[in-house]
>>> print(open('work-v5.tsv').read())   # TSV, C-alpha atoms and all ligand atoms
chain	number	residue	atom	x	y	z
A	12	MET	CA	122.76	45.43	30.16
A	13	SER	CA	124.57	48.36	28.63
A	14	ASP	CA	127.70	49.73	30.27
A	15	ASP	CA	126.22	53.01	31.42
A	16	LEU	CA	123.91	51.14	33.84
A	17	ASP	CA	126.74	49.35	35.61
A	18	HIS	CA	127.17	51.96	38.32
A	19	VAL	CA	123.52	52.01	39.32
A	20	MET	CA	123.30	50.15	42.63
A	21	LYS	CA	121.40	46.92	42.18
A	22	ILE	CA	118.69	47.30	44.77
A	23	THR	CA	116.00	45.59	42.71
A	24	ARG	CA	115.64	43.52	39.54
A	25	ARG	CA	115.07	45.92	36.69
A	26	PRO	CA	114.56	45.02	33.04
A	27	PRO	CA	117.25	46.44	30.73
A	28	VAL	CA	115.01	49.29	29.66
A	29	VAL	CA	115.78	53.00	30.10
A	30	MET	CA	112.74	55.23	30.23
A	31	THR	CA	113.12	58.67	28.73
A	32	GLU	CA	109.72	60.34	28.30
A	33	GLY	CA	106.20	60.15	29.65
A	34	SER	CA	102.85	61.60	28.73
A	35	GLY	CA	99.56	60.76	30.45
A	36	SER	CA	99.29	56.96	30.59
A	37	TRP	CA	102.22	56.39	28.26
A	38	LEU	CA	105.96	55.95	28.72
A	39	ARG	CA	108.66	55.83	26.05
A	40	ASP	CA	112.12	54.23	26.36
A	41	ARG	CA	115.32	55.34	24.69
A	42	GLU	CA	114.88	52.81	21.90
A	43	GLY	CA	111.61	54.56	21.03
A	44	ARG	CA	109.33	51.76	22.30
A	45	THR	CA	106.12	52.91	24.00
A	46	TYR	CA	104.43	51.38	27.02
A	47	LEU	CA	100.92	51.72	28.40
A	48	ASP	CA	101.67	52.48	32.04
A	49	PHE	CA	99.38	50.82	34.60
A	50	VAL	CA	102.04	51.03	37.32
A	51	GLN	CA	102.59	54.81	37.30
A	52	GLY	CA	105.56	54.75	39.62
A	53	TRP	CA	103.67	52.37	41.97
A	54	ALA	CA	100.55	54.51	42.32
A	55	VAL	CA	102.56	57.72	42.43
A	56	ASN	CA	101.75	59.67	39.26
A	57	CYS	CA	98.10	60.16	40.12
A	58	LEU	CA	97.63	62.66	37.27
A	59	GLY	CA	99.70	60.59	34.84
A	60	HIS	CA	102.98	61.66	33.29
A	61	GLY	CA	103.58	65.34	32.56
A	62	HIS	CA	100.20	66.67	33.67
A	63	PRO	CA	99.95	70.42	32.98
A	64	VAL	CA	99.07	71.37	36.57
A	65	VAL	CA	102.18	69.60	37.86
A	66	LEU	CA	104.39	71.20	35.20
A	67	GLU	CA	102.92	74.62	35.82
A	68	ALA	CA	103.39	74.34	39.60
A	69	LEU	CA	107.00	73.18	39.16
A	70	GLN	CA	107.87	75.92	36.69
A	71	SER	CA	106.25	78.83	38.46
A	72	GLN	CA	107.48	77.81	41.93
A	73	ALA	CA	111.01	77.10	40.63
A	74	ARG	CA	111.14	80.63	39.30
A	75	ARG	CA	110.02	82.08	42.66
A	76	LEU	CA	111.74	79.99	45.34
A	77	ILE	CA	113.12	76.44	45.33
A	78	ASN	CA	114.39	76.16	48.88
A	79	CYS	CA	114.63	78.51	51.81
A	80	SER	CA	115.62	75.89	54.47
A	81	PRO	CA	113.19	74.23	56.87
A	82	ALA	CA	114.25	76.81	59.45
A	83	TYR	CA	111.69	79.21	57.91
A	84	HIS	CA	108.07	79.00	56.85
A	85	ASN	CA	107.27	79.24	53.16
A	86	GLU	CA	103.97	79.87	51.40
A	87	PRO	CA	103.43	76.50	49.62
A	88	MET	CA	104.28	74.63	52.85
A	89	ALA	CA	101.60	76.56	54.74
A	90	ARG	CA	99.08	76.22	51.90
A	91	LEU	CA	99.55	72.47	51.56
A	92	ALA	CA	99.38	71.93	55.33
A	93	SER	CA	96.06	73.83	55.38
A	94	LEU	CA	94.71	71.90	52.40
A	95	ILE	CA	95.50	68.54	54.01
A	96	ALA	CA	94.29	69.56	57.47
A	97	GLU	CA	91.01	71.01	56.17
A	98	SER	CA	90.27	68.09	53.84
A	99	SER	CA	91.12	65.40	56.41
A	100	GLY	CA	89.66	66.96	59.54
A	101	LEU	CA	93.05	66.56	61.24
A	102	ASP	CA	95.09	69.45	62.55
A	103	THR	CA	98.82	69.53	61.93
A	104	VAL	CA	100.99	68.42	59.01
A	105	PHE	CA	104.69	67.65	58.73
A	106	LEU	CA	105.82	67.52	55.10
A	107	CYS	CA	108.59	65.12	54.19
A	108	ASN	CA	110.12	63.27	51.26
A	109	SER	CA	108.98	59.63	51.27
A	110	GLY	CA	106.32	57.38	52.68
A	111	ALA	CA	108.85	55.61	54.88
A	112	GLU	CA	109.89	58.95	56.36
A	113	ALA	CA	106.26	59.85	57.06
A	114	ASN	CA	105.69	56.49	58.78
A	115	GLU	CA	108.94	56.79	60.73
A	116	GLY	CA	107.57	60.16	61.92
A	117	ALA	CA	104.25	58.57	62.87
A	118	ILE	CA	106.06	55.94	64.94
A	119	LYS	CA	108.17	58.62	66.66
A	120	LEU	CA	105.12	60.79	67.32
A	121	ALA	CA	103.23	57.89	68.90
A	122	ARG	CA	106.25	56.97	71.04
A	123	LYS	CA	106.67	60.57	72.15
A	124	TRP	CA	103.02	60.69	73.15
A	125	GLY	CA	103.45	57.40	75.03
A	126	GLN	CA	106.38	58.84	76.92
A	127	ARG	CA	104.44	61.92	77.91
A	128	HIS	CA	100.94	60.60	78.43
A	129	ARG	CA	101.02	56.80	78.87
A	130	SER	CA	103.81	56.05	81.32
A	131	GLY	CA	106.46	55.35	78.70
A	132	ALA	CA	104.32	53.05	76.54
A	133	PHE	CA	105.91	52.55	73.13
A	134	GLU	CA	104.52	49.43	71.46
A	135	ILE	CA	102.59	49.65	68.23
A	136	VAL	CA	100.32	46.87	67.03
A	137	THR	CA	100.81	46.36	63.29
A	138	MET	CA	99.40	43.91	60.78
A	139	GLN	CA	100.80	40.76	59.22
A	140	GLY	CA	101.34	41.45	55.54
A	141	ALA	CA	101.67	45.21	56.11
A	142	PHE	CA	104.17	47.33	54.23
A	143	HIS	CA	105.23	50.61	55.80
A	144	GLY	CA	108.56	51.36	54.14
A	145	ARG	CA	112.25	50.52	54.07
A	146	THR	CA	113.87	52.42	56.92
A	147	LEU	CA	114.88	50.16	59.77
A	148	ALA	CA	111.88	51.10	61.94
A	149	THR	CA	109.34	50.90	59.10
A	150	MET	CA	110.72	47.53	57.96
A	151	SER	CA	110.38	46.39	61.57
A	152	ALA	CA	106.80	47.67	61.64
A	153	SER	CA	105.99	45.91	58.36
A	154	GLY	CA	104.59	42.41	58.38
A	155	LYS	CA	106.16	41.29	55.12
A	156	PRO	CA	107.57	37.79	55.63
A	157	ALA	CA	110.56	38.48	53.34
A	158	PHE	CA	111.66	41.30	55.68
A	159	GLU	CA	111.80	39.02	58.75
A	160	PRO	CA	115.40	37.75	58.41
A	161	LEU	CA	116.84	41.06	57.17
A	162	PHE	CA	119.03	43.63	58.93
A	163	LYS	CA	118.89	42.17	62.42
A	164	PRO	CA	118.52	43.30	65.10
A	165	LYS	CA	115.20	44.87	64.17
A	166	VAL	CA	113.76	47.91	65.93
A	167	PRO	CA	111.76	46.49	68.87
A	168	GLY	CA	108.24	47.49	69.85
A	169	PHE	CA	105.99	46.14	67.10
A	170	ARG	CA	103.42	43.40	67.75
A	171	LYS	CA	102.05	41.82	64.59
A	172	VAL	CA	98.50	40.48	64.37
A	173	PRO	CA	96.50	39.10	61.44
A	174	LEU	CA	94.59	41.70	59.42
A	175	ASN	CA	90.82	41.81	59.97
A	176	ASP	CA	91.07	40.02	63.34
A	177	LEU	CA	89.74	42.44	65.94
A	178	ASP	CA	90.11	40.02	68.85
A	179	ALA	CA	93.80	39.65	68.04
A	180	VAL	CA	94.26	43.44	68.17
A	181	SER	CA	92.33	43.64	71.40
A	182	ALA	CA	94.49	40.93	72.97
A	183	ALA	CA	97.70	42.60	71.76
A	184	ILE	CA	96.91	45.98	73.35
A	185	THR	CA	98.51	46.27	76.78
A	186	GLU	CA	99.62	49.11	79.04
A	187	ARG	CA	102.79	49.26	76.88
A	188	THR	CA	100.78	49.99	73.69
A	189	VAL	CA	100.55	53.46	72.16
A	190	ALA	CA	98.93	52.80	68.80
A	191	VAL	CA	97.51	50.43	66.22
A	192	MET	CA	98.81	51.03	62.70
A	193	VAL	CA	97.03	49.75	59.60
A	194	GLU	CA	96.72	50.30	55.85
A	195	PRO	CA	93.08	50.59	54.68
A	196	ILE	CA	94.20	48.39	51.78
A	197	GLN	CA	97.44	46.43	51.94
A	198	GLY	CA	98.76	47.33	48.51
A	199	GLU	CA	102.16	45.65	48.54
A	200	ALA	CA	100.68	42.48	50.02
A	201	GLY	CA	98.50	42.16	46.91
A	202	VAL	CA	95.61	44.59	47.45
A	203	ILE	CA	94.16	43.00	50.57
A	204	CYS	CA	91.36	45.15	51.98
A	205	ALA	CA	90.83	45.82	55.65
A	206	GLY	CA	87.06	45.37	56.02
A	207	ASP	CA	84.96	48.50	56.58
A	208	ALA	CA	83.30	47.00	59.65
A	209	TYR	CA	86.69	45.93	61.00
A	210	LEU	CA	88.12	49.43	60.58
A	211	ARG	CA	85.08	50.95	62.27
A	212	ALA	CA	85.45	48.52	65.16
A	213	LEU	CA	89.18	49.24	65.29
A	214	ARG	CA	88.40	52.94	65.63
A	215	GLU	CA	86.08	52.21	68.53
A	216	LEU	CA	88.51	49.80	70.15
A	217	THR	CA	91.50	52.15	69.98
A	218	SER	CA	89.46	55.05	71.37
A	219	ALA	CA	88.10	52.89	74.17
A	220	ARG	CA	91.57	51.61	75.09
A	221	GLY	CA	93.18	55.07	74.91
A	222	VAL	CA	95.62	54.35	72.08
A	223	PHE	CA	96.01	55.98	68.66
A	224	LEU	CA	94.71	54.70	65.38
A	225	ILE	CA	97.37	55.34	62.74
A	226	LEU	CA	96.23	54.95	59.14
A	227	ASP	CA	98.92	54.48	56.53
A	228	GLU	CA	97.20	56.06	53.51
A	229	ILE	CA	100.39	56.31	51.52
A	230	GLN	CA	99.01	54.10	48.77
A	231	THR	CA	95.26	54.63	49.29
A	232	GLY	CA	95.26	58.41	49.84
A	233	ILE	CA	94.88	61.28	47.34
A	234	GLY	CA	91.97	59.91	45.36
A	235	ARG	CA	93.30	56.42	44.65
A	236	THR	CA	90.16	54.72	45.98
A	237	GLY	CA	87.68	57.27	44.63
A	238	ARG	CA	87.68	59.43	47.78
A	239	LEU	CA	90.41	61.85	48.73
A	240	TYR	CA	91.22	59.58	51.70
A	241	ALA	CA	90.17	55.93	51.96
A	242	PHE	CA	88.92	56.47	55.53
A	243	GLU	CA	86.07	58.56	54.09
A	244	HIS	CA	84.46	55.39	52.68
A	245	ILE	CA	84.31	54.01	56.19
A	246	GLY	CA	83.17	57.08	58.09
A	247	ILE	CA	85.99	57.15	60.61
A	248	ARG	CA	88.89	59.49	61.27
A	249	PRO	CA	92.33	58.38	62.45
A	250	ASP	CA	94.42	60.15	65.10
A	251	ILE	CA	97.45	60.03	62.82
A	252	MET	CA	97.59	59.53	59.05
A	253	THR	CA	100.48	59.25	56.64
A	254	LEU	CA	100.42	60.25	52.98
A	255	GLY	CA	102.97	59.86	50.20
A	256	LYS	CA	102.97	58.53	46.64
A	257	GLY	CA	100.08	60.39	44.94
A	258	LEU	CA	100.52	63.49	47.12
A	259	GLY	CA	103.39	64.72	44.95
A	260	GLY	CA	101.95	63.44	41.66
A	261	GLY	CA	105.45	62.14	40.81
A	262	VAL	CA	107.76	64.35	42.87
A	263	PRO	CA	109.12	63.18	46.25
A	264	LEU	CA	106.59	64.40	48.76
A	265	ALA	CA	104.92	62.81	51.78
A	266	ALA	CA	103.15	63.95	54.92
A	267	LEU	CA	102.66	63.04	58.54
A	268	VAL	CA	99.24	64.33	59.59
A	269	ALA	CA	98.01	64.37	63.17
A	270	SER	CA	95.11	65.42	65.35
A	271	GLU	CA	95.75	68.21	67.79
A	272	GLY	CA	95.80	65.76	70.69
A	273	ALA	CA	98.47	63.65	69.02
A	274	SER	CA	100.67	66.57	67.90
A	275	CYS	CA	103.20	66.44	70.71
A	276	PHE	CA	106.53	66.95	68.92
A	277	GLU	CA	108.72	69.60	70.47
A	278	PRO	CA	111.37	71.58	68.59
A	279	GLY	CA	114.24	69.26	67.75
A	280	ASP	CA	112.21	66.02	67.78
A	281	GLN	CA	111.59	65.88	64.05
A	282	GLY	CA	112.98	67.54	60.94
A	283	GLY	CA	115.18	67.18	57.90
A	284	THR	CA	116.93	69.33	55.31
A	285	PHE	CA	114.34	69.02	52.55
A	286	ASN	CA	111.20	68.92	54.69
A	287	GLY	CA	108.49	71.26	53.52
A	288	ASN	CA	110.57	72.68	50.68
A	289	PRO	CA	108.47	75.07	48.59
A	290	LEU	CA	109.09	73.37	45.24
A	291	MET	CA	107.63	70.02	46.25
A	292	ALA	CA	104.92	71.60	48.40
A	293	ALA	CA	103.75	73.73	45.46
A	294	VAL	CA	103.30	70.57	43.39
A	295	GLY	CA	101.43	68.95	46.28
A	296	CYS	CA	99.04	71.92	46.41
A	297	ALA	CA	98.35	71.64	42.67
A	298	VAL	CA	97.75	67.89	42.94
A	299	VAL	CA	95.43	68.08	45.96
A	300	GLU	CA	93.48	70.99	44.50
A	301	THR	CA	92.94	68.98	41.30
A	302	VAL	CA	92.13	65.61	42.86
A	303	ARG	CA	89.81	66.79	45.62
A	304	ARG	CA	87.26	68.24	43.16
A	305	PRO	CA	84.06	66.16	43.45
A	306	GLU	CA	83.82	65.66	39.67
A	307	PHE	CA	87.41	64.38	39.56
A	308	LEU	CA	86.79	61.89	42.38
A	309	ALA	CA	83.53	60.78	40.77
A	310	SER	CA	85.41	60.06	37.54
A	311	VAL	CA	87.99	57.97	39.45
A	312	TRP	CA	85.13	55.95	40.90
A	313	ASP	CA	83.52	55.48	37.45
A	314	ILE	CA	86.68	54.45	35.65
A	315	GLY	CA	87.60	52.19	38.56
A	316	ALA	CA	84.24	50.45	38.30
A	317	TYR	CA	84.74	50.10	34.54
A	318	LEU	CA	88.23	48.62	34.98
A	319	ALA	CA	87.00	46.21	37.68
A	320	GLU	CA	84.07	45.06	35.55
A	321	ARG	CA	86.10	44.56	32.36
A	322	LEU	CA	88.94	42.89	34.26
A	323	GLY	CA	86.39	40.54	35.83
A	324	ALA	CA	85.02	39.68	32.39
A	325	LEU	CA	88.52	39.00	31.02
A	326	SER	CA	89.31	36.88	34.05
A	327	ALA	CA	86.13	34.84	33.64
A	328	ALA	CA	86.85	34.34	29.93
A	329	THR	CA	90.41	33.15	30.60
A	330	GLY	CA	89.60	31.05	33.68
A	331	HIS	CA	91.35	33.24	36.24
A	332	GLY	CA	90.12	34.39	39.66
A	333	GLY	CA	88.44	37.39	41.23
A	334	VAL	CA	89.12	41.11	41.13
A	335	ARG	CA	89.59	42.94	44.41
A	336	GLY	CA	90.37	46.45	45.60
A	337	ARG	CA	88.67	49.81	45.47
A	338	GLY	CA	88.63	52.69	42.99
A	339	LEU	CA	91.80	52.49	40.92
A	340	LEU	CA	93.76	50.24	43.25
A	341	LEU	CA	92.80	46.83	41.92
A	342	ALA	CA	94.20	43.33	41.76
A	343	LEU	CA	93.45	40.23	39.74
A	344	SER	CA	93.86	36.80	41.30
A	345	LEU	CA	95.53	34.31	38.97
A	346	THR	CA	94.61	30.66	39.02
A	347	ARG	CA	97.68	29.58	37.05
A	348	GLY	CA	100.96	30.91	35.74
A	349	ASP	CA	103.41	33.17	37.49
A	350	ALA	CA	102.45	36.82	37.89
A	351	ALA	CA	106.05	38.06	37.53
A	352	LYS	CA	106.41	36.16	34.23
A	353	ILE	CA	103.12	37.62	32.98
A	354	ALA	CA	104.29	41.13	33.91
A	355	GLU	CA	107.55	40.43	32.05
A	356	THR	CA	105.69	39.30	28.93
A	357	ALA	CA	103.39	42.32	29.22
A	358	LEU	CA	106.41	44.64	29.26
A	359	GLU	CA	107.68	43.02	26.06
A	360	ARG	CA	104.23	43.70	24.57
A	361	GLY	CA	104.18	47.34	25.65
A	362	LEU	CA	102.20	47.11	28.89
A	363	LEU	CA	103.43	47.91	32.38
A	364	ILE	CA	101.66	46.05	35.18
A	365	ASN	CA	102.86	45.00	38.59
A	366	ALA	CA	103.09	41.57	40.21
A	367	PRO	CA	103.14	42.04	44.00
A	368	CYS	CA	102.87	38.28	44.64
A	369	PRO	CA	103.18	35.14	42.49
A	370	ASP	CA	99.41	34.78	42.04
A	371	THR	CA	98.42	38.46	41.82
A	372	LEU	CA	98.57	41.24	39.26
A	373	ARG	CA	98.11	44.79	40.52
A	374	PHE	CA	96.67	47.72	38.55
A	375	MET	CA	97.32	51.32	39.63
A	376	PRO	CA	96.91	53.48	36.54
A	377	ALA	CA	96.82	57.25	36.50
A	378	LEU	CA	93.58	58.52	38.03
A	379	THR	CA	93.09	60.26	34.68
A	380	VAL	CA	93.21	57.01	32.66
A	381	SER	CA	90.58	56.83	29.89
A	382	ARG	CA	88.18	54.01	28.97
A	383	GLU	CA	90.04	53.61	25.69
A	384	GLU	CA	93.29	53.10	27.59
A	385	VAL	CA	91.60	50.57	29.88
A	386	ASP	CA	90.37	48.72	26.77
A	387	GLN	CA	93.85	48.76	25.25
A	388	MET	CA	95.34	47.51	28.50
A	389	LEU	CA	92.88	44.60	28.60
A	390	GLU	CA	93.61	43.70	25.01
A	391	ARG	CA	97.35	43.54	25.72
A	392	LEU	CA	96.83	41.75	29.03
A	393	GLY	CA	94.51	39.20	27.39
A	394	SER	CA	97.27	38.15	25.01
A	395	CYS	CA	99.65	37.69	27.98
A	396	LEU	CA	97.15	35.65	30.04
A	397	ASP	CA	96.77	33.24	27.11
B	401	LIG	N1	103.32	52.63	53.13
B	401	LIG	C1	102.66	52.08	52.12
B	401	LIG	C2	101.25	51.62	52.35
B	401	LIG	C3	103.25	51.92	50.86
B	401	LIG	O1	102.57	51.34	49.87
B	401	LIG	C4	104.58	52.36	50.69
B	401	LIG	C5	105.26	52.20	49.40
B	401	LIG	O2	104.93	51.35	48.60
B	401	LIG	C6	105.24	52.96	51.78
B	401	LIG	C7	104.58	53.07	52.97
B	401	LIG	C8	106.64	53.45	51.64
B	401	LIG	O3	106.68	54.60	50.86
B	401	LIG	P1	108.04	55.09	50.19
B	401	LIG	O4	108.43	54.03	49.21
B	401	LIG	O5	107.72	56.40	49.56
B	401	LIG	O6	109.05	55.21	51.28
>>> encode(input="work-v5.tsv", output="structure tokens", more="lines below")
Ligand code: PLP
Amino acid sequence: MSDDLDHVMKITRRPPVVMTEGSGSWLRDREGRTYLDFVQGWAVNCLGHGHPVVLEALQSQARRLINCSPAYHNEPMARLASLIAESSGLDTVFLCNSGAEANEGAIKLARKWGQRHRSGAFEIVTMQGAFHGRTLATMSASGKPAFEPLFKPKVPGFRKVPLNDLDAVSAAITERTVAVMVEPIQGEAGVICAGDAYLRALRELTSARGVFLILDEIQTGIGRTGRLYAFEHIGIRPDIMTLGKGLGGGVPLAALVASEGASCFEPGDQGGTFNGNPLMAAVGCAVVETVRRPEFLASVWDIGAYLAERLGALSAATGHGGVRGRGLLLALSLTRGDAAKIAETALERGLLINAPCPDTLRFMPALTVSREEVDQMLERLGSCLD
């Protein structure tokens, strides 16, 4: 590793590569090597690198107003809140900087509501395998086994149940419960889908028991699954939803979104220096306006189906397992080899893919990825699977 990287805190294992430029589905490092990017900042750069609408929004908003403090309204903040509220059918939006911050807000909002309307109830039922972020509360809410021994004592008040087990949720809801929190697809766990019927039943169960349904759409939202929000596939609506990743198309932007009935924060309960800043919000507006167009979402669905089909064919030809996921959030099950090693070899061969677990490769390309780029990815991946 070169000397100038020594002062970067080692919070994860990174290859000794320094990225310098990006365009569409491609990244370039400072040695001039190019990479076909099927990670895209972990499903963040939904329009790929350097998309003109993102650049234009950044440039024109930077010239007008970068920050006016969260003490005042600003135009992009109001516009993005309206766009999200109107497109989701929910009512109020708190803009923030990361998915973890949005989820932390969702947990606080549910607890506040429990204090006011459910005799101090505060527990949230969450799922084994879930990933909700890396603040202390969101790590406590997550069901990732590797988080269990870390940073004790954890924040109390989370009851973990297996995903897709409705009876377990039902048994876990007590008079102390305020909400059930779930990802429509557990991305970090390896693209594990919550079943449509399960989510529909969960919606009914939570309504019947008087607790909130919180959907963490940080990875699945903003077109990733071929709909603006994954819940649209299922025909339900949550009480609280969180967005992040794709919302900013590459800039730090996230949102806590709530129904009117759930919106019980009072002044002073929630906030932060950068929340709702006009520069990030302007990018969010440009991204949402681009992604929500029906023809854009239809193309995500088409290219997702193409990737799934071709990946399935490659897997069958090389003796690997099934493809799972929805839209452009897909995973391939490996029957042999170590996924991290395959991702490492792929990087050496100019392909960026992600290995969320030892037997799984995850694919989250730009929503604008072309068929030719999918073909090139499969060609490079094929050589690594061999
Ligand atoms: N929730 C889900 C479903 C995620 O996939 C992630 C990030 O991977 C988060 C929350 C945390 O988001 P962030 O890393 O922006 O804090």
>>> closest_atom_pairs(input="work-v5.tsv", of="chain A", to="ligand LIG 401 (chain B)", cutoff="9 Å", atoms="all atoms listed in the file", output="tab-separated table")
residue	atom	partner	partner_atom	distance
A:Trp53	CA	B:LIG401	O2	6.8
A:Ala54	CA	B:LIG401	O2	8.3
A:Val55	CA	B:LIG401	O5	8.9
A:Asn108	CA	B:LIG401	O5	7.5
A:Ser109	CA	B:LIG401	O5	3.9
A:Gly110	CA	B:LIG401	O3	3.3
A:Ala111	CA	B:LIG401	O6	3.6
A:Glu112	CA	B:LIG401	O6	6.4
A:Ala113	CA	B:LIG401	O6	7.9
A:Asn114	CA	B:LIG401	C7	6.8
A:Ala141	CA	B:LIG401	C2	7.4
A:Phe142	CA	B:LIG401	C1	5.4
A:His143	CA	B:LIG401	C7	3.8
A:Gly144	CA	B:LIG401	C8	3.8
A:Arg145	CA	B:LIG401	O6	6.3
A:Thr146	CA	B:LIG401	O6	7.9
A:Thr149	CA	B:LIG401	C7	8.1
A:Ser153	CA	B:LIG401	N1	8.9
A:Val193	CA	B:LIG401	C2	8.6
A:Glu194	CA	B:LIG401	C2	5.9
A:Pro195	CA	B:LIG401	C2	8.6
A:Ile196	CA	B:LIG401	C2	7.8
A:Gln197	CA	B:LIG401	C2	6.5
A:Gly198	CA	B:LIG401	O1	5.7
A:Glu199	CA	B:LIG401	O1	5.9
A:Asp227	CA	B:LIG401	C2	5.6
A:Glu228	CA	B:LIG401	C2	6.1
A:Ile229	CA	B:LIG401	C1	4.8
A:Gln230	CA	B:LIG401	O1	4.6
A:Thr231	CA	B:LIG401	C2	7.4
A:Thr253	CA	B:LIG401	N1	8.0
A:Leu254	CA	B:LIG401	N1	8.2
A:Gly255	CA	B:LIG401	O5	5.9
A:Lys256	CA	B:LIG401	O5	6.0
A:Pro263	CA	B:LIG401	O5	7.7
A:Leu264	CA	B:LIG401	O5	8.1
A:Ala265	CA	B:LIG401	O5	7.3
>>> write_last_selection(input="work-v5.tsv", atoms="C-alpha atoms", output="PDB file, keeping the file's coordinate frame")
ATOM      1  CA  TRP A  53     103.670  52.370  41.970  1.00  0.00           C
ATOM      2  CA  ALA A  54     100.550  54.510  42.320  1.00  0.00           C
ATOM      3  CA  VAL A  55     102.560  57.720  42.430  1.00  0.00           C
ATOM      4  CA  ASN A 108     110.120  63.270  51.260  1.00  0.00           C
ATOM      5  CA  SER A 109     108.980  59.630  51.270  1.00  0.00           C
ATOM      6  CA  GLY A 110     106.320  57.380  52.680  1.00  0.00           C
ATOM      7  CA  ALA A 111     108.850  55.610  54.880  1.00  0.00           C
ATOM      8  CA  GLU A 112     109.890  58.950  56.360  1.00  0.00           C
ATOM      9  CA  ALA A 113     106.260  59.850  57.060  1.00  0.00           C
ATOM     10  CA  ASN A 114     105.690  56.490  58.780  1.00  0.00           C
ATOM     11  CA  ALA A 141     101.670  45.210  56.110  1.00  0.00           C
ATOM     12  CA  PHE A 142     104.170  47.330  54.230  1.00  0.00           C
ATOM     13  CA  HIS A 143     105.230  50.610  55.800  1.00  0.00           C
ATOM     14  CA  GLY A 144     108.560  51.360  54.140  1.00  0.00           C
ATOM     15  CA  ARG A 145     112.250  50.520  54.070  1.00  0.00           C
ATOM     16  CA  THR A 146     113.870  52.420  56.920  1.00  0.00           C
ATOM     17  CA  THR A 149     109.340  50.900  59.100  1.00  0.00           C
ATOM     18  CA  SER A 153     105.990  45.910  58.360  1.00  0.00           C
ATOM     19  CA  VAL A 193      97.030  49.750  59.600  1.00  0.00           C
ATOM     20  CA  GLU A 194      96.720  50.300  55.850  1.00  0.00           C
ATOM     21  CA  PRO A 195      93.080  50.590  54.680  1.00  0.00           C
ATOM     22  CA  ILE A 196      94.200  48.390  51.780  1.00  0.00           C
ATOM     23  CA  GLN A 197      97.440  46.430  51.940  1.00  0.00           C
ATOM     24  CA  GLY A 198      98.760  47.330  48.510  1.00  0.00           C
ATOM     25  CA  GLU A 199     102.160  45.650  48.540  1.00  0.00           C
ATOM     26  CA  ASP A 227      98.920  54.480  56.530  1.00  0.00           C
ATOM     27  CA  GLU A 228      97.200  56.060  53.510  1.00  0.00           C
ATOM     28  CA  ILE A 229     100.390  56.310  51.520  1.00  0.00           C
ATOM     29  CA  GLN A 230      99.010  54.100  48.770  1.00  0.00           C
ATOM     30  CA  THR A 231      95.260  54.630  49.290  1.00  0.00           C
ATOM     31  CA  THR A 253     100.480  59.250  56.640  1.00  0.00           C
ATOM     32  CA  LEU A 254     100.420  60.250  52.980  1.00  0.00           C
ATOM     33  CA  GLY A 255     102.970  59.860  50.200  1.00  0.00           C
ATOM     34  CA  LYS A 256     102.970  58.530  46.640  1.00  0.00           C
ATOM     35  CA  PRO A 263     109.120  63.180  46.250  1.00  0.00           C
ATOM     36  CA  LEU A 264     106.590  64.400  48.760  1.00  0.00           C
ATOM     37  CA  ALA A 265     104.920  62.810  51.780  1.00  0.00           C
TER      38      ALA A 265
END
>>> residues_around(input="work-v5.tsv", residues="range 31-35 of chain A", least_positions_apart="3", cutoff="7 Å", atoms="all atoms listed in the file", output="PyMOL selection string")
chain A and resi 38-41+59-62
>>> write_last_selection(input="work-v5.tsv", atoms="C-alpha atoms", output="short mmCIF file (atom, residue, chain, number, x, y, z; two decimals), keeping the file's coordinate frame")
data_model
loop_
_atom_site.label_atom_id
_atom_site.label_comp_id
_atom_site.auth_asym_id
_atom_site.auth_seq_id
_atom_site.Cartn_x
_atom_site.Cartn_y
_atom_site.Cartn_z
CA LEU A 38 105.96 55.95 28.72
CA ARG A 39 108.66 55.83 26.05
CA ASP A 40 112.12 54.23 26.36
CA ARG A 41 115.32 55.34 24.69
CA GLY A 59 99.70 60.59 34.84
CA HIS A 60 102.98 61.66 33.29
CA GLY A 61 103.58 65.34 32.56
CA HIS A 62 100.20 66.67 33.67
#
>>> atom_distance(input="work-v5.tsv", atom1="CA of Arg238 in chain A", atom2="CA of Leu308 in chain A")
6.0 Å
>>> closest_residue(input="work-v5.tsv", among="A:Glu384, A:Gly201, A:Gly336, A:Cys275", to="Asp370 in chain A", atoms="all atoms listed in the file")
A:Gly201
>>> residues_around(input="work-v5.tsv", residues="Val311 in chain A", least_positions_apart="3", cutoff="8 Å", atoms="only C-alpha atoms", output="ChimeraX atom specification")
/A:234-237,307-308,314-315,338-339,378-379
>>> residues_around(input="work-v5.tsv", residues="Gly206 in chain A", least_positions_apart="5", cutoff="10 Å", atoms="all atoms listed in the file", output="PyMOL selection string")
chain A and resi 174-176+195-196+211-212+245
>>> write_last_selection(input="work-v5.tsv", atoms="C-alpha atoms", output="compact mmCIF listing (two decimals), keeping the file's coordinate frame")
# COMPACT_ATOMS: atom_id res chain seq x y z
CA LEU A 174 94.59 41.70 59.42
CA ASN A 175 90.82 41.81 59.97
CA ASP A 176 91.07 40.02 63.34
CA PRO A 195 93.08 50.59 54.68
CA ILE A 196 94.20 48.39 51.78
CA ARG A 211 85.08 50.95 62.27
CA ALA A 212 85.45 48.52 65.16
CA ILE A 245 84.31 54.01 56.19
>>> atom_distance(input="work-v5.tsv", atom1="CA of Asn56 in chain A", atom2="CA of Gly261 in chain A")
4.7 Å
>>> atom_distance(input="work-v5.tsv", atom1="CA of Asn365 in chain A", atom2="CA of Thr137 in chain A")
24.8 Å
>>> residues_around(input="work-v5.tsv", residues="Ala357 in chain A", least_positions_apart="3", cutoff="9 Å", atoms="all atoms listed in the file", output="count of residues only")
12
>>> closest_residue(input="work-v5.tsv", among="A:Pro63, A:Gly100, A:Pro367, A:Gly348", to="Phe242 in chain A", atoms="only C-alpha atoms")
A:Gly100
